[in-house]
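What follows is one structure encoded as structure tokens, with my remarks underneath.
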Amino acid sequence: SNSTTTTLVSDGFDEEYDASAIRAEFKSYQYILPKPHILLQEQLSLETLREMIQLSNNKIDMPRFLKYECEGGVKPHHALCALLLEECTRDAPKERDGELICMWIGSWMVRALSFGFLQRQRNLPAEIIREQFNRIAHIIPSGLVCNNSKFLRDKIRNSGLPVPNFFLDQEDAKQFPPHIAMLVVLLDGEEESDYMGHIIYTTAWFLLSFVALILRLVLEVIGGAGAIWGGSEVFYLRNAENAEQCRAASIAVGVFCFVRFVVLNAPQHEDEGDILGPAGPWSLRVPARIRAVTNHPFHLFARARRL
């Protein structure tokens with residue numbers, strides 16, 4: 001496909017700042033950055049990143065998105081838009097055959113079992129960031145110039161689209177900074193987030209969520225039905241004559257418990273960026289991630305399908 005270059009020009013600074021320039025800058029300070037999940041969990045501020053670069057042994061030119069306005073800096077959401085808009089115009093990177101087959105099977109199973117109401121969950125931060133941006137990319141002009149992210153939020157909301165978590169207001173619990181989103185995407189482009197999709201990690205979290213899901217089903221559904229059956233015997237309400245009636249009552253309670261189980265566990269659009277962290281489970285520290293997955297195990301497998 002024909003690629004186009006997205007350039008951003010900050011006020012009072014005429015030099016073009018496009019995805020190529022952002023990646024070239026990134027090469028110079030990449031080695032001082034922590035792992036992508038650490039960036040998401042700690043959400044290092046712009047000031048902290050500036051200090052890390054200034055204290056590095058090698059002389060590194062300060063990236064434009066970290067410079068102050070008086071230094072000719074570019075807002076982080078400017079740079080993020082330039083980077084992701086350029087990615088939108090390029091062909092998507094080809095997945096390995098094995099990964100494609102697993103993704104296709106997973107997506108098909110989720111849609112089939114949910115009768116088309118759900119879709120496969122995305123748990124890798126860079127995938128989530130790109131998908132959220134791709135929903136709104138068509139309404140962002142290629143030569144975007146704006147003073148703050150409120151302009152973007154208003155434009156997105158006025159178009160009836162969900163605001164990506166990295167463009168939300170800082171006071172919103174689902175928000176994570178746009179400069180962190182950009183660094184995560186850049187690190188992913190250098191294959192520094194491949195460990196997140198490693199089969200060991202994937203299998204471990206899959207087993208944890210599967211066991212948690214089975215346990216919740218046993219406790220909340222089978223346990224409810226069993227409580228009626230067992231309780232009727234404890235209080236001498238069940239005997240040989242009314243055993244079938246008690247059985248019917250247990251089944252009825254079990255059905256109601258199952259409906260409650262589905263209502264509480266079925267993914268909703270509002271859950272995105274909330275239950276499993278603003279950029280998926282990797283944006284939560286391990287203890288919080290374990291608690292989130294065990295409390296809402298189904299969300300690791302599926303999410304609400306957007307029409």
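Just so we're on the same page: first chain in the structure tokens is A, next is B, and so on; residues restart at 1 for each chain, and ligands are numbered from 1 in the order they show up.
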Residues within 7 Å of range 256-265 of chain A, please, as a PDB file with N, CA and C atoms, in the first residue's frame. Count only C-alpha atoms; anything in the same chain fewer than 5 positions from it doesn't count.
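Resulting contents of result38.pdb:
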ATOM      1  N   GLU A 220     -20.199 -20.334  43.157  1.00  0.00           N
ATOM      2  CA  GLU A 220     -21.329 -19.439  42.976  1.00  0.00           C
ATOM      3  C   GLU A 220     -22.546 -20.090  42.332  1.00  0.00           C
ATOM      4  N   VAL A 221     -22.352 -21.174  41.600  1.00  0.00           N
ATOM      5  CA  VAL A 221     -23.478 -21.823  40.912  1.00  0.00           C
ATOM      6  C   VAL A 221     -23.798 -23.173  41.547  1.00  0.00           C
ATOM      7  N   GLY A 224     -24.547 -22.835  45.214  1.00  0.00           N
ATOM      8  CA  GLY A 224     -25.878 -22.326  45.526  1.00  0.00           C
ATOM      9  C   GLY A 224     -26.927 -23.412  45.450  1.00  0.00           C
ATOM     10  N   HIS A 296     -11.903 -11.649  38.153  1.00  0.00           N
ATOM     11  CA  HIS A 296     -12.605 -11.570  36.861  1.00  0.00           C
ATOM     12  C   HIS A 296     -11.879 -12.445  35.837  1.00  0.00           C
ATOM     13  N   PHE A 298     -12.808 -14.446  33.499  1.00  0.00           N
ATOM     14  CA  PHE A 298     -13.319 -14.530  32.135  1.00  0.00           C
ATOM     15  C   PHE A 298     -12.772 -13.420  31.253  1.00  0.00           C
TER      16      PHE A 298
END
Closest atom pairs, range 147-266 of chain A residues within 10 Å of range 127-136 of chain A, only C-alpha atoms, as CSV:
residue,atom,partner,partner_atom,distance
A:Leu152,CA,A:Ile136,CA,9.9
A:Lys155,CA,A:Ile136,CA,9.6
A:Ile156,CA,A:Ile136,CA,6.8
A:Arg157,CA,A:Ile136,CA,9.9
A:Ser159,CA,A:Ile136,CA,8.9
A:Gly160,CA,A:Ile136,CA,9.9
A:Leu161,CA,A:Ile136,CA,6.9
A:Pro162,CA,A:Ile136,CA,8.0
A:Val163,CA,A:Gln132,CA,7.9
A:Pro164,CA,A:Gln132,CA,5.3
A:Asn165,CA,A:Gln132,CA,7.8
A:Phe166,CA,A:Ile129,CA,8.0
A:Phe167,CA,A:Phe133,CA,9.6
A:Pro178,CA,A:Ile129,CA,9.9
A:Ala181,CA,A:Ile129,CA,6.8
A:Met182,CA,A:Ile129,CA,8.8
A:Val184,CA,A:Ile129,CA,8.7
A:Val185,CA,A:Ile129,CA,7.7
A:Asp188,CA,A:Glu127,CA,9.3
Long-range neighbours of Arg306 in chain A as a PDB file with N, CA and C atoms, in the first residue's frame, 10 Å cut-off, only C-alpha atoms, 4 positions minimum in chain:
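Produced file around36.pdb, reproduced below:
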ATOM      1  N   PHE A 117     -21.434 -12.403  20.568  1.00  0.00           N
ATOM      2  CA  PHE A 117     -21.505 -11.228  21.427  1.00  0.00           C
ATOM      3  C   PHE A 117     -20.144 -10.813  21.986  1.00  0.00           C
ATOM      4  N   LEU A 118     -19.172 -11.722  21.981  1.00  0.00           N
ATOM      5  CA  LEU A 118     -17.859 -11.431  22.540  1.00  0.00           C
ATOM      6  C   LEU A 118     -16.777 -11.670  21.490  1.00  0.00           C
ATOM      7  N   GLN A 119     -15.600 -11.153  21.756  1.00  0.00           N
ATOM      8  CA  GLN A 119     -14.460 -11.398  20.890  1.00  0.00           C
ATOM      9  C   GLN A 119     -13.230 -11.677  21.746  1.00  0.00           C
ATOM     10  N   GLN A 268     -18.278  -6.206  29.588  1.00  0.00           N
ATOM     11  CA  GLN A 268     -19.030  -5.061  29.068  1.00  0.00           C
ATOM     12  C   GLN A 268     -18.046  -4.069  28.455  1.00  0.00           C
ATOM     13  N   HIS A 269     -18.550  -3.174  27.594  1.00  0.00           N
ATOM     14  CA  HIS A 269     -17.678  -2.170  26.982  1.00  0.00           C
ATOM     15  C   HIS A 269     -17.007  -1.301  28.043  1.00  0.00           C
TER      16      HIS A 269
END
Of the listed residues A:Ala19, A:Ile53, A:Leu183, A:Ala243, that which approaches Arg90 in chain A most closely, counting only C-alpha atoms: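 Selected residue with least distance to Arg90 in chain A: A:Ala19.
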When DSSP is applied to the backbone of this structure, which of range 168-204 of chain A are assigned alpha helix (DSSP H)? Write them out as a PyMOL selection string. chain A and resi 178-189+199-204
Atom pair CA of Cys102 in chain A + CA of Ala204 in chain A, distance 16.6 Å
Which of A:Gly72, A:Gly226, A:Pro125, A:Pro34 sits closest to Met196 in chain A [using only C-alpha atoms]: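 The shortest atom-to-atom distance to Met196 in chain A comes from A:Pro125.
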Determine, counting only C-alpha atoms, which protein, DNA and RNA residues have an atom within 9 Å of an atom of Ile275 in chain A; residues of the same chain fewer than 6 positions away are not included. Present the result as a PyMOL selection string. chain A and resi 281+292-293+296+299
Name all residues at most 10 Å from range 20-32 of chain A (count only C-alpha atoms; drop same-chain ones fewer than 6 positions away) and give them as a CSV table (one decimal) with C-alpha atoms, in the first residue's frame.
chain,number,residue,atom,x,y,z
A,5,THR,CA,4.2,10.6,6.2
A,6,THR,CA,2.5,12.3,9.1
A,7,THR,CA,4.4,15.3,10.3
A,49,LEU,CA,12.6,10.6,31.9
A,52,MET,CA,17.3,9.8,33.4
A,53,ILE,CA,18.6,11.1,30.0
A,56,SER,CA,23.1,9.0,31.5
A,58,ASN,CA,26.5,9.1,27.2
A,59,LYS,CA,25.5,12.5,25.9
A,60,ILE,CA,22.0,12.1,24.5
A,61,ASP,CA,20.1,14.8,22.8
A,62,MET,CA,16.8,15.4,24.6
A,63,PRO,CA,13.9,14.0,22.5
A,64,ARG,CA,11.5,16.6,21.2
A,65,PHE,CA,8.6,15.1,23.1
A,79,ALA,CA,4.4,12.5,18.8
A,80,LEU,CA,2.1,9.5,19.6
A,82,ALA,CA,2.5,10.9,14.4
A,83,LEU,CA,3.9,7.5,15.2
A,86,GLU,CA,2.2,6.4,10.2
A,182,MET,CA,4.5,5.9,22.7
A,183,LEU,CA,7.5,4.4,24.5
A,186,LEU,CA,8.5,2.0,20.2
A,187,LEU,CA,9.8,-0.8,22.4
A,189,GLY,CA,8.7,-2.2,17.4
A,190,GLU,CA,12.2,-3.3,18.6
Using only C-alpha atoms, the residue out of A:Arg111, A:His78, A:Lys35, A:Arg120 with shortest distance to Leu300 in chain A is A:Arg120
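When CA of Ser45 in chain A is paired with CA of Ile290 in chain A, their separation reads 25.9 Å.
Here CA of Cys70 in chain A and CA of Lys150 in chain A stand 21.0 Å from one another.
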Choose the residue, out of A:Val253, A:Ala173, A:Leu215, A:Val286, that has the smallest atom-to-atom separation from Gly273 in chain A; count only C-alpha atoms.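 Using only C-alpha atoms, the shortest distance to Gly273 in chain A belongs to A:Ala173.
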Using only C-alpha atoms for the distances, tell me which of A:Phe176, A:Trp229, A:Trp282, A:Phe210 is nearest to Gln43 in chain A. A:Phe176
